Every structure is written in C-alpha cells, then in structure tokens.
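One file, target_25.txt, is given below (compact mmCIF, C-alpha atoms).
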# COMPACT_ATOMS: atom_id res chain seq x y z
CA MET L 1 33.00 58.89 93.74
CA ALA L 2 36.15 56.75 93.70
CA SER L 3 36.69 54.62 96.78
CA VAL L 4 40.34 55.73 96.87
CA PHE L 5 39.18 59.00 98.40
CA LEU L 6 37.46 57.16 101.24
CA TYR L 7 40.18 54.65 102.00
CA HIS L 8 43.06 57.12 102.16
CA VAL L 9 43.86 59.87 104.62
CA VAL L 10 45.94 63.04 104.43
CA GLY L 11 48.81 61.34 106.25
CA ASP L 12 49.30 59.01 103.27
CA LEU L 13 50.21 61.99 101.09
CA THR L 14 52.55 63.70 103.56
CA VAL L 15 55.04 60.86 104.04
CA GLY L 16 58.46 62.30 103.19
CA LYS L 17 57.25 65.89 102.95
CA PRO L 18 59.83 68.37 104.30
CA GLU L 19 59.17 70.26 107.49
CA LEU L 20 57.65 73.71 107.06
CA VAL L 21 60.07 76.59 107.60
CA GLU L 22 58.09 79.77 108.19
CA PHE L 23 58.97 82.79 106.06
CA THR L 24 57.96 85.91 108.00
CA GLU L 25 56.50 89.11 106.59
CA ASN L 26 59.40 91.29 107.79
CA GLU L 27 61.86 89.46 105.50
CA THR L 28 63.06 91.32 102.41
CA LEU L 29 61.89 90.81 98.86
CA GLU L 30 65.40 89.70 97.95
CA ALA L 31 65.21 86.90 100.52
CA ALA L 32 61.76 85.95 99.21
CA ILE L 33 63.10 85.63 95.66
CA LYS L 34 65.77 83.23 96.86
CA ALA L 35 63.23 81.26 98.93
CA ILE L 36 60.85 80.91 95.97
CA GLY L 37 63.70 79.72 93.75
CA GLU L 38 64.58 77.02 96.28
CA SER L 39 60.95 76.10 96.98
CA THR L 40 59.21 73.06 95.55
CA GLU L 41 56.13 75.21 94.95
CA CYS L 42 55.54 78.26 92.77
CA GLY L 43 55.09 80.55 95.75
CA ILE L 44 55.81 80.69 99.46
CA ALA L 45 53.55 81.07 102.48
CA ILE L 46 54.08 84.31 104.42
CA TRP L 47 53.63 84.40 108.20
CA LYS L 48 53.53 86.92 110.99
CA ARG L 49 56.09 86.39 113.70
CA ARG L 50 55.10 83.96 116.44
CA SER L 51 54.41 85.48 119.86
CA VAL L 52 57.18 84.87 122.38
CA GLN L 53 55.00 85.20 125.45
CA LYS L 54 56.20 82.79 128.09
CA GLY L 55 53.88 79.86 128.71
CA LEU L 56 51.68 80.68 125.71
CA ILE L 57 50.76 77.59 123.70
CA GLU L 58 49.73 78.35 120.15
CA ASN L 59 46.56 76.64 118.99
CA ALA L 60 45.23 76.13 115.47
CA GLU L 61 43.23 79.38 115.46
CA MET L 62 46.21 81.44 116.58
CA ARG L 63 48.33 79.82 113.90
CA HIS L 64 45.69 80.57 111.29
CA GLN L 65 45.65 84.25 112.30
CA ARG L 66 49.42 84.42 111.86
CA PHE L 67 49.21 83.20 108.28
CA VAL L 68 49.20 86.19 105.91
CA GLY L 69 48.99 84.79 102.39
CA ILE L 70 50.97 83.24 99.54
CA LEU L 71 53.56 85.28 97.65
CA ASN L 72 54.16 84.26 94.04
CA PRO L 73 56.64 85.39 91.33
CA LEU L 74 54.08 87.43 89.39
CA ASP L 75 53.34 89.51 92.50
CA ILE L 76 57.06 90.22 92.87
CA VAL L 77 57.66 91.10 89.22
CA ALA L 78 54.60 93.37 89.18
CA PHE L 79 55.89 95.20 92.25
CA LEU L 80 59.42 95.58 90.86
CA ALA L 81 57.97 96.97 87.61
CA ARG L 82 56.73 100.10 89.40
CA ASP L 83 58.53 103.30 88.44
CA ASP L 84 59.95 103.93 91.89
CA CYS L 85 61.29 100.37 92.07
CA LEU L 86 62.89 100.58 88.63
CA ASN L 87 64.59 103.84 89.61
CA ASP L 88 66.12 102.28 92.73
CA GLN L 89 66.25 98.53 92.34
CA GLU L 90 68.52 97.96 95.31
CA LYS L 91 66.06 99.71 97.62
CA ALA L 92 63.17 97.79 96.07
CA LEU L 93 64.82 94.44 96.82
CA LYS L 94 65.06 95.48 100.49
CA THR L 95 61.31 96.05 100.70
CA PRO L 96 59.57 93.91 103.36
CA VAL L 97 57.36 91.24 101.78
CA SER L 98 54.46 92.53 103.89
CA GLU L 99 54.20 95.39 101.37
CA VAL L 100 54.00 93.00 98.41
CA VAL L 101 52.05 89.91 99.44
CA VAL L 102 48.28 89.95 98.94
CA PRO L 103 46.75 89.20 102.39
CA ASP L 104 44.43 86.19 102.30
CA ASN L 105 44.55 83.75 105.19
CA THR L 106 41.78 81.61 103.69
CA LEU L 107 44.34 79.99 101.38
CA MET L 108 45.60 77.64 104.11
CA LYS L 109 43.85 75.41 106.64
CA GLU L 110 45.20 73.13 109.33
CA VAL L 111 44.02 69.52 109.29
CA ASP L 112 44.93 66.33 111.11
CA PRO L 113 46.94 63.57 109.37
CA GLY L 114 43.93 61.29 109.90
CA THR L 115 41.60 63.50 107.86
CA ARG L 116 39.94 61.53 105.07
CA LEU L 117 41.24 62.43 101.64
CA ILE L 118 37.72 63.15 100.41
CA ASP L 119 37.25 65.68 103.20
CA ALA L 120 40.60 67.30 102.38
CA LEU L 121 39.59 67.64 98.74
CA GLU L 122 36.29 69.25 99.73
CA ILE L 123 38.28 71.79 101.75
CA MET L 124 40.52 72.52 98.76
CA LYS L 125 37.50 72.90 96.48
CA GLN L 126 36.38 75.77 98.72
CA GLY L 127 39.49 77.78 97.81
CA VAL L 128 42.13 76.43 100.19
CA ARG L 129 45.42 75.95 98.32
CA ARG L 130 47.51 74.34 101.02
CA LEU L 131 46.79 72.16 104.00
CA LEU L 132 48.91 72.56 107.12
CA VAL L 133 49.49 69.08 108.55
CA PRO L 134 51.23 68.32 111.87
CA LYS L 135 54.38 66.29 111.34
CA SER L 136 54.05 62.83 112.83
CA ILE L 137 56.66 60.69 114.49
CA GLY L 138 56.91 57.37 112.74
CA TRP L 139 53.87 57.87 110.50
CA ARG L 140 53.64 54.94 108.11
CA GLY L 141 50.50 55.95 106.30
CA MET L 142 47.08 54.30 106.53
CA SER L 143 46.50 53.13 103.01
CA LYS L 144 44.67 49.93 103.90
CA ARG L 145 41.04 49.44 103.01
CA PHE L 146 38.72 51.06 105.56
CA SER L 147 41.57 53.14 106.95
CA ILE L 148 38.91 55.78 107.62
CA LEU L 149 38.33 53.86 110.85
CA TYR L 150 40.82 53.62 113.67
CA ASN L 151 40.13 52.30 117.15
CA GLY L 152 36.45 52.21 116.25
CA LYS L 153 36.26 55.99 115.79
CA TRP L 154 35.95 58.21 112.73
CA LEU L 155 39.13 60.11 111.92
CA LYS L 156 38.33 63.78 111.51
CA ASN L 157 39.84 67.26 111.41
CA ILE L 158 41.32 69.15 114.31
CA ASP L 159 38.85 71.91 113.52
CA SER L 160 35.44 70.62 112.51
CA ASN L 161 34.39 71.76 109.06
CA PRO L 162 30.74 72.89 109.02
CA ASN L 163 30.50 72.00 105.34
CA ILE L 164 31.48 68.37 105.86
CA THR L 165 29.11 65.95 107.54
CA ILE L 166 30.86 63.29 109.61
CA PRO L 167 28.78 60.27 110.60
CA ASN L 168 28.44 59.58 114.31
CA ILE L 169 29.79 56.12 114.97
CA ASN L 170 30.99 56.64 118.52
CA ASN L 171 28.81 53.76 119.67
CA ARG L 172 31.13 51.29 118.01
CA PRO L 173 32.98 49.07 120.51
CA SER L 174 36.44 50.43 121.25
CA SER L 175 39.50 48.29 120.84
CA SER L 176 41.96 47.33 123.55
CA SER L 177 43.68 50.16 125.33
CA SER L 178 46.98 48.53 124.51
CA THR L 179 46.48 49.33 120.80
CA PRO L 180 48.96 52.03 119.79
CA THR L 181 47.70 55.37 118.52
CA PRO L 182 47.99 55.82 114.74
CA THR L 183 50.65 58.47 115.08
CA ALA L 184 52.45 60.63 117.54
CA LEU L 185 52.03 64.24 116.51
CA SER L 186 54.47 67.06 117.02
CA ARG L 187 52.44 70.26 117.27
CA ASP L 188 55.51 72.43 116.68
CA LYS L 189 56.45 70.79 113.38
CA TYR L 190 54.30 70.93 110.29
CA CYS L 191 54.40 70.23 106.59
CA CYS L 192 52.30 71.64 103.77
CA LEU L 193 50.19 69.59 101.41
CA SER L 194 49.48 71.35 98.12
CA ARG L 195 47.06 70.68 95.31
CA GLU L 196 50.01 69.57 93.20
CA ASP L 197 50.68 66.85 95.79
CA VAL L 198 47.08 65.69 95.41
CA ILE L 199 47.36 65.55 91.59
CA ARG L 200 50.59 63.58 91.91
CA PHE L 201 48.80 61.11 94.19
CA LEU L 202 45.92 60.78 91.72
CA ILE L 203 48.35 60.00 88.89
CA GLY L 204 49.51 57.03 90.94
CA CYS L 205 46.02 55.53 91.22
CA LEU L 206 44.43 56.18 87.84
CA GLY L 207 42.91 52.71 87.77
CA ALA L 208 40.79 53.51 90.80
CA LEU L 209 39.42 56.59 89.02
CA ALA L 210 38.36 54.75 85.84
CA PRO L 211 36.83 55.68 83.48
CA LEU L 212 37.59 59.36 84.23
CA PRO L 213 41.33 59.42 83.36
CA LEU L 214 40.77 58.35 79.74
CA SER L 215 37.74 60.59 79.22
CA SER L 216 38.24 63.89 77.40
CA ILE L 217 38.32 67.06 79.47
CA SER L 218 35.56 68.41 77.26
CA SER L 219 33.19 65.53 78.01
CA LEU L 220 33.97 65.83 81.73
CA GLY L 221 33.19 69.54 81.81
CA ALA L 222 36.67 70.30 83.13
CA ILE L 223 37.37 73.24 80.79
CA ASN L 224 37.01 76.64 82.44
CA PRO L 225 36.06 79.22 79.79
CA ASN L 226 36.56 82.12 82.22
CA TYR L 227 40.21 83.04 81.84
CA CYS L 228 42.10 86.33 81.90
CA SER L 229 43.76 87.54 78.72
CA ILE L 230 45.73 90.49 77.41
CA ASP L 231 46.18 91.56 73.79
CA ALA L 232 49.68 91.04 72.42
CA SER L 233 49.81 94.68 71.30
CA SER L 234 48.85 96.01 74.74
CA PRO L 235 51.50 97.14 77.24
CA ALA L 236 52.64 94.19 79.33
CA ILE L 237 52.34 96.32 82.46
CA GLU L 238 48.55 95.96 82.22
CA ALA L 239 49.02 92.45 83.60
CA SER L 240 50.17 93.94 86.92
CA ARG L 241 47.11 96.09 87.54
CA GLN L 242 44.74 93.32 88.56
CA ILE L 243 46.47 89.97 88.90
CA PRO L 244 44.06 87.01 88.86
CA ARG L 245 44.42 84.64 91.79
CA GLU L 246 43.14 81.34 90.37
CA PRO L 247 45.27 80.68 88.48
CA SER L 248 47.69 83.61 88.60
CA ALA L 249 48.04 83.84 84.84
CA PHE L 250 47.19 85.87 81.74
CA ALA L 251 46.95 84.46 78.25
CA VAL L 252 48.66 86.73 75.72
CA VAL L 253 46.41 86.63 72.68
CA ASP L 254 45.75 87.96 69.20
CA ARG L 255 42.12 88.53 68.27
CA THR L 256 40.86 86.97 65.06
CA PRO L 257 38.34 88.80 62.82
CA ASP L 258 35.55 86.61 64.20
CA GLY L 259 36.38 87.58 67.79
CA GLN L 260 38.23 84.42 68.83
CA HIS L 261 41.53 84.37 70.70
CA THR L 262 44.75 82.99 69.28
CA ILE L 263 47.14 82.25 72.13
CA LEU L 264 50.76 83.38 71.72
CA GLY L 265 52.08 82.96 75.22
CA GLU L 266 51.32 83.69 78.85
CA ILE L 267 52.34 85.96 81.69
CA SER L 268 52.00 83.85 84.79
CA ALA L 269 53.50 83.04 88.16
CA SER L 270 54.57 79.58 87.02
CA LYS L 271 56.36 80.92 83.92
CA LEU L 272 58.23 83.49 86.03
CA TRP L 273 59.12 81.01 88.77
CA LYS L 274 62.89 80.88 88.23
CA CYS L 275 63.38 83.95 86.05
CA ASP L 276 65.65 86.97 86.44
CA TYR L 277 63.22 89.13 88.39
CA LEU L 278 64.83 92.50 87.67
CA ALA L 279 65.04 91.83 83.95
CA ALA L 280 61.45 90.58 83.92
CA ALA L 281 60.30 93.69 85.80
CA TRP L 282 61.99 96.00 83.28
CA ALA L 283 60.45 94.06 80.39
CA LEU L 284 57.00 94.14 82.00
CA ALA L 285 57.23 97.91 82.38
CA ASN L 286 58.62 98.72 78.95
CA LEU L 287 57.50 96.09 76.44
CA SER L 288 54.22 95.05 74.93
CA ALA L 289 52.71 91.78 76.10
CA GLY L 290 53.66 90.09 72.83
CA GLN L 291 57.27 91.28 73.07
CA PHE L 292 57.44 90.19 76.69
CA VAL L 293 56.50 86.57 76.02
CA MET L 294 58.33 86.15 72.73
CA GLY L 295 61.67 87.81 73.35
CA VAL L 296 62.60 90.64 71.04
CA GLU L 297 65.80 92.17 72.38
CA ASP L 298 67.29 92.25 68.89
CA ASN L 299 64.30 94.25 67.65
CA LEU L 300 64.85 97.01 70.17
CA SER L 301 67.16 99.91 69.50
CA SER L 302 70.23 100.22 71.70
CA ARG L 303 68.79 103.52 72.94
CA SER L 304 65.90 101.71 74.60
CA LEU L 305 67.97 99.09 76.38
CA PRO L 306 69.22 100.19 79.82
CA ASP L 307 72.13 98.70 81.68
CA ILE L 308 70.66 96.72 84.57
CA VAL L 309 72.88 96.50 87.60
CA LEU L 310 72.04 93.50 89.73
CA ALA L 311 72.04 94.34 93.40
CA GLY L 312 74.17 91.85 95.29
CA THR L 313 74.45 90.65 98.84
CA ASN L 314 77.78 89.46 100.21
CA GLY L 315 79.22 89.69 96.74
CA GLY L 316 76.42 87.79 95.04
CA SER L 317 73.07 88.37 93.42
CA LEU L 318 69.83 86.67 94.36
CA VAL L 319 67.56 88.20 91.75
CA ASN L 320 67.31 85.05 89.69
CA GLY L 321 66.14 82.90 92.58
CA GLY L 322 68.87 80.36 91.91
CA GLY L 323 71.47 81.30 94.49
CA ALA L 324 74.40 83.69 94.55
CA ARG L 325 76.52 84.63 91.59
CA PRO L 326 79.17 87.33 91.06
CA LEU L 327 77.92 90.90 90.86
CA ARG L 328 78.00 92.04 87.27
CA GLN L 329 76.56 94.62 84.92
CA ARG L 330 74.97 93.64 81.68
CA THR L 331 72.49 94.76 79.07
CA PHE L 332 68.91 93.56 79.29
CA SER L 333 68.16 90.42 77.33
CA SER L 334 64.76 88.80 77.17
CA ARG L 335 66.57 85.47 77.34
CA SER L 336 67.35 86.34 80.95
CA VAL L 337 63.62 86.51 81.58
CA GLY L 338 63.45 82.91 80.47
CA PHE L 339 62.28 83.32 76.88
CA PHE L 340 63.96 82.47 73.58
CA ASN L 341 63.69 84.29 70.28
CA SER L 342 64.28 82.20 67.18
CA ASN L 343 63.36 84.89 64.68
CA PRO L 344 64.20 88.38 65.90
CA SER L 345 63.30 90.00 62.58
CA SER L 346 59.58 89.45 62.90
CA HIS L 347 57.35 92.10 64.49
CA SER L 348 54.08 90.39 63.64
CA PHE L 349 52.57 88.52 66.57
CA GLY L 350 50.15 86.54 64.46
CA ALA L 351 52.53 85.57 61.67
CA ASN L 352 55.47 83.21 61.93
CA ARG L 353 54.46 82.16 65.42
CA SER L 354 55.98 78.74 64.85
CA MET L 355 59.40 80.38 64.72
CA TYR L 356 59.11 81.48 68.33
CA ARG L 357 59.66 78.20 70.08
CA GLY L 358 61.11 78.06 73.54
CA ARG L 359 60.03 78.67 77.10
CA SER L 360 57.68 81.39 75.83
CA VAL L 361 55.46 78.73 74.27
CA PRO L 362 52.41 78.27 76.53
CA LEU L 363 51.51 74.84 77.85
CA THR L 364 48.46 73.79 75.87
CA CYS L 365 46.25 70.80 75.22
CA LYS L 366 43.23 70.15 73.02
CA ALA L 367 39.65 69.98 74.21
CA THR L 368 39.74 66.30 73.25
CA SER L 369 42.78 65.57 75.45
CA SER L 370 42.24 63.04 78.22
CA LEU L 371 42.16 64.04 81.85
CA ALA L 372 45.18 61.80 82.56
CA ALA L 373 47.20 63.50 79.83
CA VAL L 374 46.42 66.96 81.18
CA MET L 375 47.35 65.94 84.73
CA ALA L 376 50.64 64.49 83.45
CA GLN L 377 51.37 67.74 81.57
CA MET L 378 50.83 69.83 84.68
CA LEU L 379 53.10 67.66 86.80
CA SER L 380 55.90 67.31 84.25
CA HIS L 381 56.03 71.07 83.67
CA ARG L 382 55.31 72.02 87.31
CA ALA L 383 52.45 74.15 86.02
CA THR L 384 49.33 75.27 87.86
CA HIS L 385 47.22 75.16 84.70
CA VAL L 386 47.05 74.12 81.06
CA TRP L 387 45.53 76.28 78.33
CA VAL L 388 42.92 74.48 76.22
CA THR L 389 42.68 75.00 72.47
CA ASP L 390 39.97 74.06 70.03
CA ALA L 391 39.95 70.46 68.86
CA GLU L 392 40.01 71.53 65.21
CA ASN L 393 42.31 74.55 65.48
CA GLU L 394 45.08 74.30 68.05
CA GLU L 395 45.74 78.05 67.84
CA VAL L 396 42.27 79.07 69.04
CA LEU L 397 41.97 79.34 72.81
CA VAL L 398 38.76 78.04 74.41
CA GLY L 399 39.66 77.96 78.11
CA LEU L 400 41.98 76.44 80.66
CA VAL L 401 42.16 73.59 83.14
CA GLY L 402 43.56 74.25 86.60
CA TYR L 403 43.85 72.44 89.90
CA ALA L 404 40.37 73.46 91.02
CA ASP L 405 38.81 72.15 87.81
CA ILE L 406 40.48 68.75 88.17
CA LEU L 407 39.47 68.39 91.83
CA ALA L 408 35.87 69.25 90.94
CA VAL L 409 35.80 66.56 88.24
CA VAL L 410 37.33 63.70 90.24
CA THR L 411 35.10 64.28 93.28
CA ARG L 412 31.87 64.74 91.35
CA PRO L 413 29.27 62.06 92.23
CA ARG L 414 28.96 59.54 89.43
CA ALA L 415 25.64 58.44 88.00
CA ALA L 416 24.84 54.89 89.03
CA PRO L 417 24.99 52.52 86.05
CA ILE L 418 21.78 50.78 85.02
CA THR L 419 22.21 47.02 85.29
CA GLU L 420 20.62 44.59 82.88
CA GLY L 421 17.01 43.91 83.71
CA GLN L 422 16.70 47.06 85.81
CA SER L 423 13.65 49.11 84.99
CA THR L 424 14.10 52.56 83.61
Hey, can you dump this file as structure tokens for me?
Amino acid sequence: MASVFLYHVVGDLTVGKPELVEFTENETLEAAIKAIGESTECGIAIWKRRSVQKGLIENAEMRHQRFVGILNPLDIVAFLARDDCLNDQEKALKTPVSEVVVPDNTLMKEVDPGTRLIDALEIMKQGVRRLLVPKSIGWRGMSKRFSILYNGKWLKNIDSNPNITIPNINNRPSSSSSTPTPTALSRDKYCCLSREDVIRFLIGCLGALAPLPLSSISSLGAINPNYCSIDASSPAIEASRQIPREPSAFAVVDRTPDGQHTILGEISASKLWKCDYLAAAWALANLSAGQFVMGVEDNLSSRSLPDIVLAGTNGGSLVNGGGARPLRQRTFSSRSVGFFNSNPSSHSFGANRSMYRGRSVPLTCKATSSLAAVMAQMLSHRATHVWVTDAENEEVLVGLVGYADILAVVTRPRAAPITEGQST
C-alpha cells in the first residue's frame, strides 16, 4: 500500500471545495435539472428538510437520516420518458424530486477532516460515493509526513467505523496545551468529497503509487466484466426499467455471431449530464437504443417527429440544465440530446460505425491501457467509467473500469519484494 494514503488526511483533499448547499426533496424536477447542470458532479444529493425545533442541535446521525439519495440525469430522463410525463411535460417538470430519486442514504457518510485518506478510501470501497466533511476555518491541510498524528493522538472519524481498526496510541505523551488545534470546525457548514476528487488527487501523486500507474489495467485486475448492456435494435426505453447504480450506464451493443459484444455507444448518466432532458426523454421513449445513441433524426419520417414545446419559467427554459433561454417551439433533433449524426443515410448499426463520430462515441480504452491513462481519461471527460475493449479488436467489449475498480486496485496490499540473498 502506498505511503501517500497514510500520510494524507481527508482535509488535504477538501481545500478549496465549495460549501454544500442542500437540495431538498420537495424541490421540483425542473429545479433539479438546473442544479445538476450547474453542479460539478454528475448528480446532486437530495435531502429532507432540516427540523426547525428550537434548541435542537443536529448531530451526525440526524444528518445522515435526512440524506435521501443521489439524483442523476438518467433517473430524470427515465422518469420524463413515461407516457403520462410525455403527455404533459409541464406538469412532469413540476414533479417533486422525492418521486424520482432512488432512496439510498448509504451513499454518503460524514467524516472528520482529520480522517486518514486510507480510511476514507476503505469507506468508499464499501459503496459510499460521497463523504460529508465539516468545513474548517483556516484549514491548511496536513500533507507532511506522519500527518496521521497530531498532538500525540490518532486522527479518526467522528463516527467510528467498525470495519476500520484504529491503533490505540493514547499513551503517547501529549504536547503542550498551547499548541493550536489542527482546525476549527464549523458544524453547520460542510463540503462533499467525491470519488472523482480522490482520482484527481491520485493523478497528482503518481510517483508515490509506482509501479501501478504504468501497469496495464488487465494485469492489475481492474477490468470489471460485469456490465449492463442493451442491444442496439432493442427499444431504448428498456434502459429505464432497471437502471444500474454502479455505474449508472448501459453499453449499447451489437452481438457478433460468436456471442461477443461490439460497443456502439452508451446510455448513461454522465452522457446525459448536460443534455436537453425533454428531447432525450422523447427519444428514449420512441427510438431504438442504436438510434438514441447515434442520432438519426433525418432517418425518421416527419410524421413521427412531434413538436416539443419547452416549458419555461419566468420566460425561460431550464430543461437543458444550462440556464434560462427564450421559450420556443421546435422539432425534435437528436443533436439536442447531445449526439451528432455524420451519416444519416445508414440504418445499419454494425456497418459504417466510423461515420458516426461525435458525442455518441463511448469513452473506451484497451485492456492493455495503463492505469494512469484510464484515470486521465475519466478526469478529462468527467466520466464515471471507461469501457474496455479487447487488446486485439477495439470494437469488442470486454468490460469497464469505474471508480470502485480503481480504488480497489490502488489500495490492494502489495506483495513484498524478495531481496537478493533472501531465501525462498
């Protein structure tokens, strides 16, 4: 295990992170679309309203019970693709997010800024996607060697984690009482640390992780062969019936005669992050999966293309997650979903795939790609995952690499090298 995980704490990664602004479950779906578009993450945390009882001080457990779950773009598009929502889009956009978000309060955990990074990663490996960290006044980070110690005591979580063993070193001599505390915490102000933040931190200290960064993801066992897929000829709406949570993505594939998958695109939360949600919902409900990811508006007859009226608020529309714009009426175009079509005359999903190049192209790497290259891909494209293709045939899908897979690899205990002269 790399020493960087022992000598750094969570507070080192939260310097400069914006303060958390709670998005409550009674807000509308339209407001959620705008919030996701302005968010630095592909999804927003949903909360129950805080109790206003006088004199009541909220503790970590009460805060955890108020957390509902994380709402992502695929959840929203799947909801808007329902028949009743398509028939009355304006009403659908006024739906409270409590009716759309998948409840799961295990996705977030509160930790102290002094929590060791290795302990934080162990928490994330158990399924936690975001860490809630109290904002500190004047926190400067504790990136020095042996920063796991402060005032002779082990820095640990607010809530003890039964799965993490913390050595008892309370018998160490304490330092002078005049020594300042590492940070002054504000228990009413928090920030969120995501797995993307952790990957970004790891990119900055690749040398400390050697030789892992230059090793292939195949040799490291980082490829997850268990992914969700949908045939290109199948209705795209099938992707909304059981949305995977980790990652929230489907590979759109063609099946080869020998049973392998050729990847054409993907239907995922990260791909739909800043899309036109109403247009994407119509496409999801009416097109095949292959048409949805490739963009085929020119292939469709004018009879099948409805006029989509964008519901506006205060004279503007928020359906694209990018802020207000004048209310207007226009015909559906798959370009508004965020996909480009370079060859509208082709109906074959397997043939001429190279002509469909644009945002519909899935983010892929080869099984021989290095771990550092895959991490860089994820960060540069703000993606939660990368699809992995065969080393010999880049069209054949063999799995994917996500946040959880990377965290498992970098925290895996390394075999001790055998020094010269050591008996075997």
Nearest residue to Trp47 in chain L from the set L:Glu394, L:Glu266, L:Glu61, L:Glu27 (distances using all atoms listed in the file) =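 Smallest distance to Trp47 in chain L is found for L:Glu27.
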What separation in Å, quoted to one decimal, exists between CA of Ser369 in chain L and CA of Val398 in chain L?
-> 13.1 Å
Using only C-alpha atoms: which of L:Leu371, L:Ile267, L:Val111, L:Ala208 has the shortest distance to Gln291 in chain L |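 Result for the nearest residue to Gln291 in chain L: L:Ile267.
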Might you pull out every residue within 6 Å of range 63-75 of chain L, with all atoms listed in the file counted and same-chain residues fewer than 3 positions away left off, and present them as a ChimeraX atom specification?
-> /L:43-48,60,78,101,103-105,269,272-273
Quick one: distance from CA of Glu392 in chain L to CA of Met375 in chain L in Å, one decimal?
-> 21.6 Å
Would you please work out which residue, of L:Val21, L:Ala373, L:Cys42, L:Ala367, is nearest to Ser219 in chain L when using all atoms listed in the file?
->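 So, comparing all the options, the nearest one is L:Ala367.
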Work out how far CA of Asn87 in chain L is from CA of Pro235 in chain L, in Å to one decimal.
-> 19.2 Å
For Val410 in chain L, list every protein, DNA or RNA residue within 12 Å, evaluated using only C-alpha atoms, and leave out those in the same chain fewer than 2 positions away; present the list as a VMD selection string.
-> chain L and resid 1 to 5 118 121 to 122 125 198 to 199 202 to 203 205 to 206 208 to 213 215 217 220 to 222 371 to 372 375 403 to 408 412 to 414
Shell around range 241-253 of chain L at 7 Å using only C-alpha atoms, local window under 6 positions removed, as a PDB file with C-alpha atoms, keeping the file's coordinate frame:
ATOM      1  CA  CYS L 228      42.100  86.330  81.900  1.00  0.00           C
ATOM      2  CA  SER L 229      43.760  87.540  78.720  1.00  0.00           C
ATOM      3  CA  ILE L 230      45.730  90.490  77.410  1.00  0.00           C
ATOM      4  CA  ASP L 231      46.180  91.560  73.790  1.00  0.00           C
ATOM      5  CA  ALA L 232      49.680  91.040  72.420  1.00  0.00           C
ATOM      6  CA  HIS L 261      41.530  84.370  70.700  1.00  0.00           C
ATOM      7  CA  THR L 262      44.750  82.990  69.280  1.00  0.00           C
ATOM      8  CA  ILE L 263      47.140  82.250  72.130  1.00  0.00           C
ATOM      9  CA  LEU L 264      50.760  83.380  71.720  1.00  0.00           C
ATOM     10  CA  GLY L 265      52.080  82.960  75.220  1.00  0.00           C
ATOM     11  CA  GLU L 266      51.320  83.690  78.850  1.00  0.00           C
ATOM     12  CA  ILE L 267      52.340  85.960  81.690  1.00  0.00           C
ATOM     13  CA  SER L 268      52.000  83.850  84.790  1.00  0.00           C
ATOM     14  CA  ALA L 269      53.500  83.040  88.160  1.00  0.00           C
ATOM     15  CA  ALA L 289      52.710  91.780  76.100  1.00  0.00           C
ATOM     16  CA  GLY L 290      53.660  90.090  72.830  1.00  0.00           C
ATOM     17  CA  THR L 384      49.330  75.270  87.860  1.00  0.00           C
ATOM     18  CA  HIS L 385      47.220  75.160  84.700  1.00  0.00           C
ATOM     19  CA  GLY L 402      43.560  74.250  86.600  1.00  0.00           C
TER      20      GLY L 402
END
Could you give me, as number ranges by chain, the residues within 10 Å of Ala92 in chain L, counting all atoms listed in the file and dropping anything in the same chain fewer than 4 positions from it?
-> L: 28-30, 79-82, 84-88, 96, 311
Give me the residues within 10 Å of Ala120 in chain L as a list of chain:residue names, counting all atoms listed in the file and dropping any in the same chain fewer than 5 places off.
-> L:Phe5, L:Val9, L:Val10, L:Lys109, L:Val111, L:Asp112, L:Thr115, L:Lys125, L:Val128, L:Arg130, L:Leu131, L:Asn157, L:Ile164, L:Leu193, L:Val198
